[in-house]
file run.cif (mmCIF, C-alpha atoms and all ligand atoms)
data_work
#
loop_
_atom_site.group_PDB
_atom_site.id
_atom_site.type_symbol
_atom_site.label_atom_id
_atom_site.label_comp_id
_atom_site.auth_asym_id
_atom_site.auth_seq_id
_atom_site.Cartn_x
_atom_site.Cartn_y
_atom_site.Cartn_z
ATOM 1 C CA MET A 145 23.790 -2.345 9.586
ATOM 2 C CA SER A 146 21.597 -2.201 6.463
ATOM 3 C CA GLY A 147 17.842 -2.354 6.777
ATOM 4 C CA ARG A 148 15.272 -4.974 5.868
ATOM 5 C CA PRO A 149 15.217 -5.224 2.057
ATOM 6 C CA ILE A 150 11.814 -4.361 0.599
ATOM 7 C CA ILE A 151 10.250 -3.672 -2.785
ATOM 8 C CA ILE A 152 7.189 -1.428 -2.730
ATOM 9 C CA ASP A 153 4.500 -1.949 -5.377
ATOM 10 C CA THR A 154 2.327 1.111 -5.503
ATOM 11 C CA ASP A 155 -0.348 3.246 -7.197
ATOM 12 C CA PRO A 156 0.382 6.765 -5.844
ATOM 13 C CA GLY A 157 -2.125 8.249 -4.587
ATOM 14 C CA GLN A 158 -1.431 10.542 -1.651
ATOM 15 C CA ASP A 159 -1.439 7.792 0.962
ATOM 16 C CA ASP A 160 0.957 5.711 -1.143
ATOM 17 C CA ALA A 161 3.196 8.789 -1.395
ATOM 18 C CA VAL A 162 3.344 9.144 2.373
ATOM 19 C CA ALA A 163 4.122 5.426 2.665
ATOM 20 C CA LEU A 164 7.021 5.825 0.209
ATOM 21 C CA LEU A 165 8.380 8.776 2.215
ATOM 22 C CA LEU A 166 8.101 6.827 5.464
ATOM 23 C CA ALA A 167 10.015 3.912 3.952
ATOM 24 C CA LEU A 168 12.713 6.147 2.456
ATOM 25 C CA ALA A 169 13.130 8.000 5.773
ATOM 26 C CA SER A 170 13.496 4.837 7.874
ATOM 27 C CA PRO A 171 16.945 3.208 8.171
ATOM 28 C CA GLU A 172 15.282 0.022 9.425
ATOM 29 C CA LEU A 173 14.274 -0.549 5.795
ATOM 30 C CA GLU A 174 16.226 -0.723 2.547
ATOM 31 C CA VAL A 175 14.053 0.143 -0.454
ATOM 32 C CA ARG A 176 15.493 -2.070 -3.214
ATOM 33 C CA GLY A 177 13.030 -0.723 -5.760
ATOM 34 C CA ILE A 178 9.593 0.697 -6.442
ATOM 35 C CA THR A 179 7.186 -0.863 -8.937
ATOM 36 C CA THR A 180 4.133 0.984 -10.148
ATOM 37 C CA VAL A 181 0.692 -0.271 -11.093
ATOM 38 C CA ALA A 182 -2.507 1.294 -12.421
ATOM 39 C CA GLY A 183 -4.981 1.882 -9.613
ATOM 40 C CA ASN A 184 -5.797 5.194 -7.984
ATOM 41 C CA VAL A 185 -4.882 6.826 -11.298
ATOM 42 C CA PRO A 186 -3.675 5.354 -14.626
ATOM 43 C CA LEU A 187 -0.165 3.895 -14.920
ATOM 44 C CA PRO A 188 1.551 6.912 -16.559
ATOM 45 C CA LEU A 189 0.504 9.001 -13.545
ATOM 46 C CA THR A 190 1.350 6.437 -10.864
ATOM 47 C CA SER A 191 4.763 6.043 -12.526
ATOM 48 C CA ARG A 192 5.242 9.831 -12.591
ATOM 49 C CA ASN A 193 4.057 10.228 -9.023
ATOM 50 C CA ALA A 194 6.396 7.570 -7.631
ATOM 51 C CA ARG A 195 9.345 9.489 -9.118
ATOM 52 C CA VAL A 196 8.015 12.828 -7.844
ATOM 53 C CA VAL A 197 8.047 11.343 -4.342
ATOM 54 C CA CYS A 198 11.529 9.841 -4.725
ATOM 55 C CA GLU A 199 12.902 13.224 -5.785
ATOM 56 C CA LEU A 200 11.045 14.977 -2.951
ATOM 57 C CA ALA A 201 12.845 12.577 -0.585
ATOM 58 C CA GLY A 202 16.189 13.223 -2.289
ATOM 59 C CA ARG A 203 16.269 9.640 -3.541
ATOM 60 C CA ALA A 204 16.491 9.876 -7.318
ATOM 61 C CA ASP A 205 18.760 6.813 -7.052
ATOM 62 C CA VAL A 206 15.862 4.421 -6.383
ATOM 63 C CA ALA A 207 14.876 2.184 -9.320
ATOM 64 C CA VAL A 208 11.269 2.827 -10.382
ATOM 65 C CA CYS A 209 9.760 0.293 -12.802
ATOM 66 C CA ALA A 210 6.342 0.629 -14.402
ATOM 67 C CA GLY A 211 4.117 -2.440 -14.503
ATOM 68 C CA ALA A 212 0.551 -3.290 -15.391
ATOM 69 C CA GLU A 213 -1.602 -0.617 -16.999
ATOM 70 C CA ARG A 214 -4.747 -2.649 -16.329
ATOM 71 C CA PRO A 215 -5.935 -5.607 -14.217
ATOM 72 C CA LEU A 216 -5.459 -9.223 -15.340
ATOM 73 C CA VAL A 217 -9.043 -9.692 -16.503
ATOM 74 C CA ARG A 218 -11.346 -6.840 -15.458
ATOM 75 C CA PRO A 219 -11.371 -3.318 -16.886
ATOM 76 C CA LEU A 220 -9.393 -0.739 -14.923
ATOM 77 C CA VAL A 221 -11.247 1.193 -12.227
ATOM 78 C CA THR A 222 -9.524 4.348 -10.958
ATOM 79 C CA ALA A 223 -10.149 6.705 -8.009
ATOM 80 C CA GLU A 224 -9.645 10.289 -9.162
ATOM 81 C CA TYR A 225 -12.695 11.138 -7.042
ATOM 82 C CA VAL A 226 -10.475 10.504 -4.017
ATOM 83 C CA HIS A 227 -6.971 11.414 -5.208
ATOM 84 C CA GLY A 228 -7.694 14.129 -7.783
ATOM 85 C CA ARG A 229 -6.809 14.173 -11.477
ATOM 86 C CA THR A 230 -3.038 13.812 -10.942
ATOM 87 C CA GLY A 231 -3.236 11.387 -8.034
ATOM 88 C CA LEU A 232 -1.077 13.770 -5.977
ATOM 89 C CA ASP A 233 -3.401 16.757 -5.782
ATOM 90 C CA GLY A 234 -2.828 18.942 -2.727
ATOM 91 C CA ALA A 235 0.830 19.811 -3.275
ATOM 92 C CA ASP A 236 2.489 21.518 -6.234
ATOM 93 C CA LEU A 237 5.721 19.620 -6.989
ATOM 94 C CA PRO A 238 7.986 19.702 -10.058
ATOM 95 C CA GLU A 239 7.878 17.138 -12.841
ATOM 96 C CA PRO A 240 10.388 14.345 -12.118
ATOM 97 C CA GLN A 241 13.797 14.385 -13.821
ATOM 98 C CA MET A 242 14.787 10.837 -12.839
ATOM 99 C CA PRO A 243 14.028 8.199 -15.505
ATOM 100 C CA LEU A 244 11.749 5.222 -15.324
ATOM 101 C CA GLN A 245 13.684 1.962 -15.631
ATOM 102 C CA ALA A 246 13.130 0.169 -18.945
ATOM 103 C CA GLU A 247 12.381 -3.134 -17.178
ATOM 104 C CA HIS A 248 8.737 -4.127 -16.631
ATOM 105 C CA ALA A 249 7.798 -4.256 -12.955
ATOM 106 C CA ALA A 250 7.033 -7.985 -13.054
ATOM 107 C CA ASP A 251 10.427 -8.730 -14.612
ATOM 108 C CA PHE A 252 12.132 -6.497 -12.029
ATOM 109 C CA LEU A 253 10.402 -8.380 -9.202
ATOM 110 C CA VAL A 254 11.388 -11.778 -10.638
ATOM 111 C CA ARG A 255 14.997 -10.735 -11.260
ATOM 112 C CA ALA A 256 15.404 -9.180 -7.798
ATOM 113 C CA LEU A 257 14.040 -12.306 -6.135
ATOM 114 C CA ARG A 258 16.236 -14.614 -8.230
ATOM 115 C CA GLU A 259 19.363 -12.555 -7.509
ATOM 116 C CA GLU A 260 18.839 -12.379 -3.753
ATOM 117 C CA ALA A 261 19.099 -15.302 -1.335
ATOM 118 C CA PRO A 262 15.757 -16.963 -0.574
ATOM 119 C CA GLY A 263 13.841 -15.243 2.227
ATOM 120 C CA THR A 264 15.618 -11.898 1.809
ATOM 121 C CA ILE A 265 13.103 -9.610 0.117
ATOM 122 C CA THR A 266 9.713 -8.515 1.496
ATOM 123 C CA LEU A 267 7.175 -7.323 -1.057
ATOM 124 C CA CYS A 268 4.933 -4.421 0.028
ATOM 125 C CA PRO A 269 1.963 -4.000 -2.322
ATOM 126 C CA LEU A 270 -0.008 -0.807 -1.689
ATOM 127 C CA GLY A 271 -2.322 -1.000 -4.724
ATOM 128 C CA PRO A 272 -4.021 -3.604 -6.912
ATOM 129 C CA LEU A 273 -2.017 -6.860 -6.922
ATOM 130 C CA THR A 274 -1.631 -7.152 -10.703
ATOM 131 C CA ASN A 275 2.184 -6.841 -10.814
ATOM 132 C CA ILE A 276 2.641 -9.362 -8.024
ATOM 133 C CA ALA A 277 0.350 -11.851 -9.751
ATOM 134 C CA LEU A 278 2.153 -11.356 -13.072
ATOM 135 C CA ALA A 279 5.512 -12.058 -11.395
ATOM 136 C CA LEU A 280 4.130 -15.215 -9.776
ATOM 137 C CA GLN A 281 2.698 -16.368 -13.113
ATOM 138 C CA ARG A 282 5.946 -15.651 -15.019
ATOM 139 C CA ALA A 283 8.187 -17.354 -12.454
ATOM 140 C CA PRO A 284 6.391 -19.635 -9.957
ATOM 141 C CA GLU A 285 9.791 -20.588 -8.554
ATOM 142 C CA ILE A 286 10.009 -17.209 -6.811
ATOM 143 C CA VAL A 287 7.366 -18.271 -4.229
ATOM 144 C CA PRO A 288 9.866 -19.779 -1.731
ATOM 145 C CA ARG A 289 12.265 -16.874 -2.350
ATOM 146 C CA ILE A 290 9.850 -14.218 -1.036
ATOM 147 C CA ARG A 291 10.343 -13.557 2.697
ATOM 148 C CA GLU A 292 6.802 -12.175 3.092
ATOM 149 C CA ILE A 293 4.159 -10.122 1.333
ATOM 150 C CA VAL A 294 2.841 -7.336 3.576
ATOM 151 C CA LEU A 295 -0.008 -5.581 1.805
ATOM 152 C CA MET A 296 -2.664 -2.952 2.278
ATOM 153 C CA GLY A 297 -5.959 -4.351 1.075
ATOM 154 C CA GLY A 298 -9.220 -5.955 1.961
ATOM 155 C CA GLY A 299 -11.729 -5.405 4.694
ATOM 156 C CA PHE A 300 -14.006 -7.551 6.773
ATOM 157 C CA PHE A 301 -15.680 -6.177 9.868
ATOM 158 C CA GLU A 302 -15.333 -2.716 8.273
ATOM 159 C CA GLY A 303 -16.896 -3.818 4.975
ATOM 160 C CA GLY A 304 -15.695 -2.269 1.735
ATOM 161 C CA ASN A 305 -14.944 1.177 0.306
ATOM 162 C CA ALA A 306 -15.238 0.421 -3.426
ATOM 163 C CA THR A 307 -18.454 -1.583 -2.948
ATOM 164 C CA PRO A 308 -20.299 -2.614 0.212
ATOM 165 C CA ALA A 309 -18.247 -5.825 0.160
ATOM 166 C CA ALA A 310 -14.880 -4.926 -1.346
ATOM 167 C CA GLU A 311 -11.921 -2.666 -0.615
ATOM 168 C CA PHE A 312 -10.482 -0.796 -3.653
ATOM 169 C CA ASN A 313 -7.110 -2.566 -4.111
ATOM 170 C CA ILE A 314 -8.689 -6.001 -4.110
ATOM 171 C CA TYR A 315 -11.780 -4.882 -6.019
ATOM 172 C CA VAL A 316 -9.733 -3.504 -8.934
ATOM 173 C CA ASP A 317 -8.045 -6.864 -9.570
ATOM 174 C CA PRO A 318 -9.708 -9.765 -7.722
ATOM 175 C CA GLN A 319 -8.140 -12.380 -9.998
ATOM 176 C CA ALA A 320 -4.661 -11.078 -9.131
ATOM 177 C CA ALA A 321 -5.555 -11.070 -5.449
ATOM 178 C CA ASP A 322 -6.748 -14.664 -5.680
ATOM 179 C CA ILE A 323 -3.415 -15.684 -7.241
ATOM 180 C CA VAL A 324 -1.526 -13.972 -4.400
ATOM 181 C CA PHE A 325 -3.722 -15.327 -1.582
ATOM 182 C CA THR A 326 -3.513 -18.903 -2.927
ATOM 183 C CA SER A 327 0.229 -18.739 -3.739
ATOM 184 C CA GLY A 328 1.464 -20.067 -0.396
ATOM 185 C CA VAL A 329 3.691 -16.991 0.123
ATOM 186 C CA PRO A 330 3.733 -15.830 3.794
ATOM 187 C CA LEU A 331 1.109 -13.047 3.851
ATOM 188 C CA THR A 332 0.214 -10.200 6.171
ATOM 189 C CA MET A 333 -2.816 -8.107 5.261
ATOM 190 C CA LEU A 334 -3.592 -4.626 6.644
ATOM 191 C CA PRO A 335 -7.252 -4.116 5.746
ATOM 192 C CA LEU A 336 -9.670 -1.239 6.239
ATOM 193 C CA ASP A 337 -10.375 -2.697 9.682
ATOM 194 C CA VAL A 338 -7.025 -1.367 10.855
ATOM 195 C CA THR A 339 -6.418 1.530 8.449
ATOM 196 C CA HIS A 340 -9.714 3.149 9.447
ATOM 197 C CA GLN A 341 -8.135 3.574 12.904
ATOM 198 C CA ALA A 342 -5.302 5.682 11.365
ATOM 199 C CA LEU A 343 -7.445 8.791 11.046
ATOM 200 C CA ILE A 344 -5.735 12.055 10.126
ATOM 201 C CA LYS A 345 -6.564 14.657 12.779
ATOM 202 C CA PRO A 346 -6.080 18.461 12.600
ATOM 203 C CA ARG A 347 -3.329 18.201 15.229
ATOM 204 C CA HIS A 348 -1.399 15.865 12.949
ATOM 205 C CA LEU A 349 -1.610 18.368 10.092
ATOM 206 C CA GLU A 350 -0.521 21.183 12.421
ATOM 207 C CA ARG A 351 2.530 19.164 13.500
ATOM 208 C CA LEU A 352 3.458 18.464 9.883
ATOM 209 C CA ARG A 353 3.188 22.127 8.931
ATOM 210 C CA ALA A 354 5.141 23.116 12.052
ATOM 211 C CA LEU A 355 8.116 21.150 10.700
ATOM 212 C CA GLY A 356 8.617 24.051 8.289
ATOM 213 C CA THR A 357 10.033 21.738 5.640
ATOM 214 C CA ARG A 358 9.166 21.189 1.979
ATOM 215 C CA VAL A 359 8.349 17.560 2.725
ATOM 216 C CA GLY A 360 6.228 18.384 5.766
ATOM 217 C CA ASP A 361 4.267 20.966 3.787
ATOM 218 C CA ALA A 362 3.758 18.570 0.857
ATOM 219 C CA VAL A 363 2.499 15.798 3.143
ATOM 220 C CA ALA A 364 0.123 18.182 4.940
ATOM 221 C CA GLY A 365 -1.196 19.428 1.594
ATOM 222 C CA TRP A 366 -1.739 15.897 0.304
ATOM 223 C CA LEU A 367 -3.522 14.773 3.457
ATOM 224 C CA GLU A 368 -5.784 17.838 3.570
ATOM 225 C CA PHE A 369 -6.829 17.067 -0.018
ATOM 226 C CA PHE A 370 -7.023 13.294 0.418
ATOM 227 C CA GLU A 371 -9.084 13.195 3.623
ATOM 228 C CA ARG A 372 -12.000 15.336 2.376
ATOM 229 C CA TYR A 373 -13.557 12.398 0.484
ATOM 230 C CA ASP A 374 -13.593 9.982 3.423
ATOM 231 C CA VAL A 375 -14.762 12.613 5.875
ATOM 232 C CA GLU A 376 -17.711 13.480 3.607
ATOM 233 C CA LYS A 377 -18.428 9.785 2.881
ATOM 234 C CA TYR A 378 -17.969 8.172 6.262
ATOM 235 C CA GLY A 379 -18.482 11.180 8.508
ATOM 236 C CA LEU A 380 -15.148 10.202 10.004
ATOM 237 C CA GLU A 381 -13.325 12.730 12.071
ATOM 238 C CA GLY A 382 -10.447 12.533 9.595
ATOM 239 C CA GLY A 383 -9.342 10.581 6.522
ATOM 240 C CA PRO A 384 -7.809 7.099 6.990
ATOM 241 C CA LEU A 385 -4.113 6.933 6.166
ATOM 242 C CA HIS A 386 -4.139 3.464 4.617
ATOM 243 C CA ASP A 387 -0.794 2.647 2.975
ATOM 244 C CA PRO A 388 1.699 4.028 5.555
ATOM 245 C CA CYS A 389 0.296 1.407 7.977
ATOM 246 C CA VAL A 390 2.101 -1.270 5.901
ATOM 247 C CA ILE A 391 5.456 0.463 6.260
ATOM 248 C CA ALA A 392 5.056 1.211 9.973
ATOM 249 C CA TYR A 393 4.105 -2.435 10.563
ATOM 250 C CA LEU A 394 7.395 -3.602 9.036
ATOM 251 C CA PHE A 395 9.535 -1.983 11.725
ATOM 252 C CA HIS A 396 7.102 -1.345 14.577
ATOM 253 C CA PRO A 397 4.777 -4.374 14.558
ATOM 254 C CA GLU A 398 4.247 -3.958 18.301
ATOM 255 C CA ILE A 399 1.806 -1.062 17.725
ATOM 256 C CA PHE A 400 -0.402 -3.398 15.690
ATOM 257 C CA SER A 401 -2.276 -6.598 16.513
ATOM 258 C CA GLY A 402 -4.116 -9.288 14.591
ATOM 259 C CA ARG A 403 -4.341 -13.030 14.130
ATOM 260 C CA ARG A 404 -3.670 -15.806 11.637
ATOM 261 C CA CYS A 405 -6.759 -16.504 9.535
ATOM 262 C CA ASN A 406 -7.846 -18.201 6.378
ATOM 263 C CA VAL A 407 -8.618 -15.511 3.786
ATOM 264 C CA ARG A 408 -10.224 -16.222 0.436
ATOM 265 C CA ILE A 409 -11.017 -13.798 -2.382
ATOM 266 C CA GLU A 410 -14.392 -13.532 -4.112
ATOM 267 C CA ALA A 411 -13.571 -13.481 -7.836
ATOM 268 C CA SER A 412 -16.860 -14.732 -9.334
ATOM 269 C CA SER A 413 -19.989 -13.094 -7.930
ATOM 270 C CA GLU A 414 -20.546 -9.499 -9.135
ATOM 271 C CA LEU A 415 -22.425 -8.772 -5.896
ATOM 272 C CA THR A 416 -19.392 -9.496 -3.706
ATOM 273 C CA MET A 417 -16.614 -9.220 -6.301
ATOM 274 C CA GLY A 418 -13.280 -8.508 -4.590
ATOM 275 C CA MET A 419 -14.468 -9.332 -1.086
ATOM 276 C CA THR A 420 -11.801 -10.670 1.287
ATOM 277 C CA VAL A 421 -13.602 -13.478 3.098
ATOM 278 C CA VAL A 422 -11.758 -13.537 6.433
ATOM 279 C CA ASP A 423 -12.402 -16.605 8.606
ATOM 280 C CA TRP A 424 -11.722 -14.606 11.801
ATOM 281 C CA TRP A 425 -13.506 -17.154 14.021
ATOM 282 C CA GLY A 426 -11.986 -20.232 12.358
ATOM 283 C CA VAL A 427 -15.379 -21.693 11.442
ATOM 284 C CA THR A 428 -14.255 -23.241 8.128
ATOM 285 C CA GLY A 429 -11.446 -25.334 9.529
ATOM 286 C CA LEU A 430 -9.387 -24.171 6.557
ATOM 287 C CA GLN A 431 -5.645 -23.615 7.041
ATOM 288 C CA PRO A 432 -4.745 -19.995 7.893
ATOM 289 C CA ASN A 433 -2.880 -18.379 4.975
ATOM 290 C CA CYS A 434 -2.615 -14.814 6.237
ATOM 291 C CA THR A 435 -1.951 -12.684 9.303
ATOM 292 C CA VAL A 436 -4.882 -10.262 9.396
ATOM 293 C CA ILE A 437 -4.127 -7.029 11.268
ATOM 294 C CA ARG A 438 -7.109 -5.517 13.036
ATOM 295 C CA ARG A 439 -5.841 -3.086 15.682
ATOM 296 C CA LEU A 440 -3.459 -0.116 15.740
ATOM 297 C CA ASP A 441 -2.170 2.331 18.373
ATOM 298 C CA SER A 442 -3.079 5.365 16.291
ATOM 299 C CA GLU A 443 -1.185 8.010 18.255
ATOM 300 C CA ALA A 444 1.980 5.909 18.319
ATOM 301 C CA PHE A 445 1.584 5.508 14.549
ATOM 302 C CA PHE A 446 1.278 9.240 13.885
ATOM 303 C CA ASP A 447 4.132 10.049 16.300
ATOM 304 C CA LEU A 448 6.327 7.625 14.372
ATOM 305 C CA LEU A 449 5.200 8.943 10.994
ATOM 306 C CA ILE A 450 5.747 12.614 11.831
ATOM 307 C CA GLU A 451 9.119 11.930 13.471
ATOM 308 C CA ARG A 452 10.299 10.181 10.291
ATOM 309 C CA ILE A 453 8.889 12.802 7.901
ATOM 310 C CA ALA A 454 10.848 15.364 9.935
ATOM 311 C CA ARG A 455 14.049 13.583 8.938
ATOM 312 C CA LEU A 456 13.581 14.312 5.216
HETATM 313 O O1 LIG A 501 -8.664 1.247 -0.226
HETATM 314 C C1 LIG A 501 -7.517 2.009 0.048
HETATM 315 C C2 LIG A 501 -6.406 1.643 -0.882
HETATM 316 O O2 LIG A 501 -6.798 1.924 -2.240
HETATM 317 C C3 LIG A 501 -5.137 2.484 -0.653
HETATM 318 O O3 LIG A 501 -4.021 1.737 -1.013
HETATM 319 C C4 LIG A 501 -5.317 3.627 -1.610
HETATM 320 O O4 LIG A 501 -4.080 4.213 -2.007
HETATM 321 C C5 LIG A 501 -5.943 2.934 -2.784
HETATM 322 O O5 LIG A 501 -4.897 2.322 -3.548
HETATM 323 CA CA CA A 502 -2.502 2.610 -2.752
#
call {"tool": "encode", "arguments": {"input": "run.cif", "output": "structure tokens"}}
result
Amino acid sequence: MSGRPIIIDTDPGQDDAVALLLALASPELEVRGITTVAGNVPLPLTSRNARVVCELAGRADVAVCAGAERPLVRPLVTAEYVHGRTGLDGADLPEPQMPLQAEHAADFLVRALREEAPGTITLCPLGPLTNIALALQRAPEIVPRIREIVLMGGGFFEGGNATPAAEFNIYVDPQAADIVFTSGVPLTMLPLDVTHQALIKPRHLERLRALGTRVGDAVAGWLEFFERYDVEKYGLEGGPLHDPCVIAYLFHPEIFSGRRCNVRIEASSELTMGMTVVDWWGVTGLQPNCTVIRRLDSEAFFDLLIERIARL
């Protein structure tokens, strides 16, 4: 029985890389393609990094398509301060041999959705939403063909990480996020409120290293590099593993919880630019447009993650 068809849109980034590995290691999912976007690091690097991860997983067969090199309107903001110059600092892996597809990410998304029966493909954005917005602009008729968009982005009770009000993925391209959140596509959002519960602990790193595999060592190296910024910034007892939460949610939703809410995107005020305004208490009376995930069983999440990484 083949898995749930998904396309992952990503800006690797160490946490994106772990999310890609989790998806590729899980038979419950069928990765139909990977599209890359500028975000954590510029597009040439996110497009390189996605292929590095595919080859690390032994999956040079996966189609990787490069997309937007900058947001729809705003200048690009990157996060080398978190992810390092390459975006995959922490592990020394060979340059990829597999090619990038010639097709633009937005065209790949539109074509895949047109070719598949309506309601088949789930889109999993893990970075700024520029490619998704471009696809929706180029072919509005794909809206009813998308089964669901399950994304990492936003924050509400937890505030922001790019500004006091905004989480990085949304902050980088608020106009794209507004297009996605007003599109009518079934949406599930995993914001900082839940990903800040997925804190990397020393015991998790020890278990990854104890696997004695090239993948386990690479993941441990990435996470040791990646977490230092959040630990210094938030004083957390470990870095939050944001993007893999999206993948785990797809096939183990029972370890998460949340509720249907109306979510709007601030795309005008500089003070709150990129804020996800989550009507958690239903005070606006506006129709819910998104399932907002707020809770996670962290140990179940890491058990699942490590068990799957061990398979690669
Ligand atoms: O704010 C965290 C998000 O921004 C994650 O997806 C991380 O990879 C960066 O893209
Ligand atoms: Ca990301």
call {"tool": "resolve_selection", "arguments": {"input": "run.cif", "expression": "the PyMOL selection byres (((not hetatm)) within 6 of (chain A and resi 501))", "output": "list in words"}}
result
Asp155, Gly157, Asp159, Asp160, Asn184, Leu270, Gly271, Met296, Glu311, Phe312, Asn313, His386 and Asp387 of chain A
call {"tool": "atom_distance", "arguments": {"input": "run.cif", "atom1": "CA of Pro188 in chain A", "atom2": "CA of Ala306 in chain A"}}
result
22.3 Å
call {"tool": "closest_residue", "arguments": {"input": "run.cif", "among": "A:Ile314, A:Ala454, A:Leu166, A:Ala444", "to": "Met417 in chain A", "atoms": "all atoms listed in the file"}}
result
A:Ile314
call {"tool": "residues_around", "arguments": {"input": "run.cif", "residues": "Thr179 in chain A", "least_positions_apart": "2", "cutoff": "6 Å", "atoms": "only C-alpha atoms", "output": "JSON list (two decimals) with C-alpha atoms, in the coordinates of the input"}}
result
[["chain", "number", "residue", "atom", "x", "y", "z"],
["A", 153, "ASP", "CA", 4.50, -1.95, -5.38],
["A", 208, "VAL", "CA", 11.27, 2.83, -10.38],
["A", 209, "CYS", "CA", 9.76, 0.29, -12.80],
["A", 210, "ALA", "CA", 6.34, 0.63, -14.40],
["A", 249, "ALA", "CA", 7.80, -4.26, -12.96]]
call {"tool": "resolve_selection", "arguments": {"input": "run.cif", "expression": "the PyMOL selection byres (((chain A and resi 310) around 10) and not hetatm)", "output": "PDB file with C-alpha atoms, in the coordinates of the input"}}
result
ATOM      1  CA  GLY A 297      -5.959  -4.351   1.075  1.00  0.00           C
ATOM      2  CA  GLY A 298      -9.220  -5.955   1.961  1.00  0.00           C
ATOM      3  CA  GLY A 299     -11.729  -5.405   4.694  1.00  0.00           C
ATOM      4  CA  PHE A 300     -14.006  -7.551   6.773  1.00  0.00           C
ATOM      5  CA  GLU A 302     -15.333  -2.716   8.273  1.00  0.00           C
ATOM      6  CA  GLY A 303     -16.896  -3.818   4.975  1.00  0.00           C
ATOM      7  CA  GLY A 304     -15.695  -2.269   1.735  1.00  0.00           C
ATOM      8  CA  ASN A 305     -14.944   1.177   0.306  1.00  0.00           C
ATOM      9  CA  ALA A 306     -15.238   0.421  -3.426  1.00  0.00           C
ATOM     10  CA  THR A 307     -18.454  -1.583  -2.948  1.00  0.00           C
ATOM     11  CA  PRO A 308     -20.299  -2.614   0.212  1.00  0.00           C
ATOM     12  CA  ALA A 309     -18.247  -5.825   0.160  1.00  0.00           C
ATOM     13  CA  GLU A 311     -11.921  -2.666  -0.615  1.00  0.00           C
ATOM     14  CA  PHE A 312     -10.482  -0.796  -3.653  1.00  0.00           C
ATOM     15  CA  ASN A 313      -7.110  -2.566  -4.111  1.00  0.00           C
ATOM     16  CA  ILE A 314      -8.689  -6.001  -4.110  1.00  0.00           C
ATOM     17  CA  TYR A 315     -11.780  -4.882  -6.019  1.00  0.00           C
ATOM     18  CA  VAL A 316      -9.733  -3.504  -8.934  1.00  0.00           C
ATOM     19  CA  PRO A 318      -9.708  -9.765  -7.722  1.00  0.00           C
ATOM     20  CA  LEU A 336      -9.670  -1.239   6.239  1.00  0.00           C
ATOM     21  CA  ILE A 409     -11.017 -13.798  -2.382  1.00  0.00           C
ATOM     22  CA  GLU A 410     -14.392 -13.532  -4.112  1.00  0.00           C
ATOM     23  CA  LEU A 415     -22.425  -8.772  -5.896  1.00  0.00           C
ATOM     24  CA  THR A 416     -19.392  -9.496  -3.706  1.00  0.00           C
ATOM     25  CA  MET A 417     -16.614  -9.220  -6.301  1.00  0.00           C
ATOM     26  CA  GLY A 418     -13.280  -8.508  -4.590  1.00  0.00           C
ATOM     27  CA  MET A 419     -14.468  -9.332  -1.086  1.00  0.00           C
ATOM     28  CA  THR A 420     -11.801 -10.670   1.287  1.00  0.00           C
ATOM     29  CA  VAL A 421     -13.602 -13.478   3.098  1.00  0.00           C
TER      30      VAL A 421
END
call {"tool": "resolve_selection", "arguments": {"input": "run.cif", "expression": "the PyMOL selection byres (((chain A and resi 366) around 8) and not hetatm)", "output": "PyMOL selection string"}}
result
chain A and resi 158+232-235+362-365+367-370
call {"tool": "write_last_selection", "arguments": {"input": "run.cif", "atoms": "C-alpha atoms", "output": "short mmCIF file (atom, residue, chain, number, x, y, z; two decimals), in the frame of the given file"}}
result
data_model
loop_
_atom_site.label_atom_id
_atom_site.label_comp_id
_atom_site.auth_asym_id
_atom_site.auth_seq_id
_atom_site.Cartn_x
_atom_site.Cartn_y
_atom_site.Cartn_z
CA GLN A 158 -1.43 10.54 -1.65
CA LEU A 232 -1.08 13.77 -5.98
CA ASP A 233 -3.40 16.76 -5.78
CA GLY A 234 -2.83 18.94 -2.73
CA ALA A 235 0.83 19.81 -3.28
CA ALA A 362 3.76 18.57 0.86
CA VAL A 363 2.50 15.80 3.14
CA ALA A 364 0.12 18.18 4.94
CA GLY A 365 -1.20 19.43 1.59
CA LEU A 367 -3.52 14.77 3.46
CA GLU A 368 -5.78 17.84 3.57
CA PHE A 369 -6.83 17.07 -0.02
CA PHE A 370 -7.02 13.29 0.42
#
call {"tool": "closest_residue", "arguments": {"input": "run.cif", "among": "A:Leu278, A:Leu295, A:Leu257, A:Leu267", "to": "ligand CA 502 (chain A)", "atoms": "only C-alpha atoms and all ligand atoms"}}
result
A:Leu295
call {"tool": "atom_distance", "arguments": {"input": "run.cif", "atom1": "CA of Arg372 in chain A", "atom2": "CA of Leu343 in chain A"}}
result
11.8 Å
call {"tool": "axis_aligned_box", "arguments": {"input": "run.cif", "around": "range 437-447 of chain A", "padding_each_side": "4 Å", "output": "lines of an AutoDock Vina configuration file"}}
result
center_x = -1.5
center_y = 1.5
center_z = 14.8
size_x = 19.2
size_y = 25.1
size_z = 15.1
call {"tool": "residues_around", "arguments": {"input": "run.cif", "residues": "Ile276 in chain A", "least_positions_apart": "4", "cutoff": "12 Å", "atoms": "only C-alpha atoms", "output": "VMD selection string"}}
result
chain A and resid 151 to 154 179 to 181 211 to 212 215 to 216 248 to 254 257 266 to 272 280 to 284 286 to 287 290 293 to 295 317 319 to 325 327 329
call {"tool": "atom_distance", "arguments": {"input": "run.cif", "atom1": "CA of Ala163 in chain A", "atom2": "CA of Arg218 in chain A"}}
result
26.8 Å
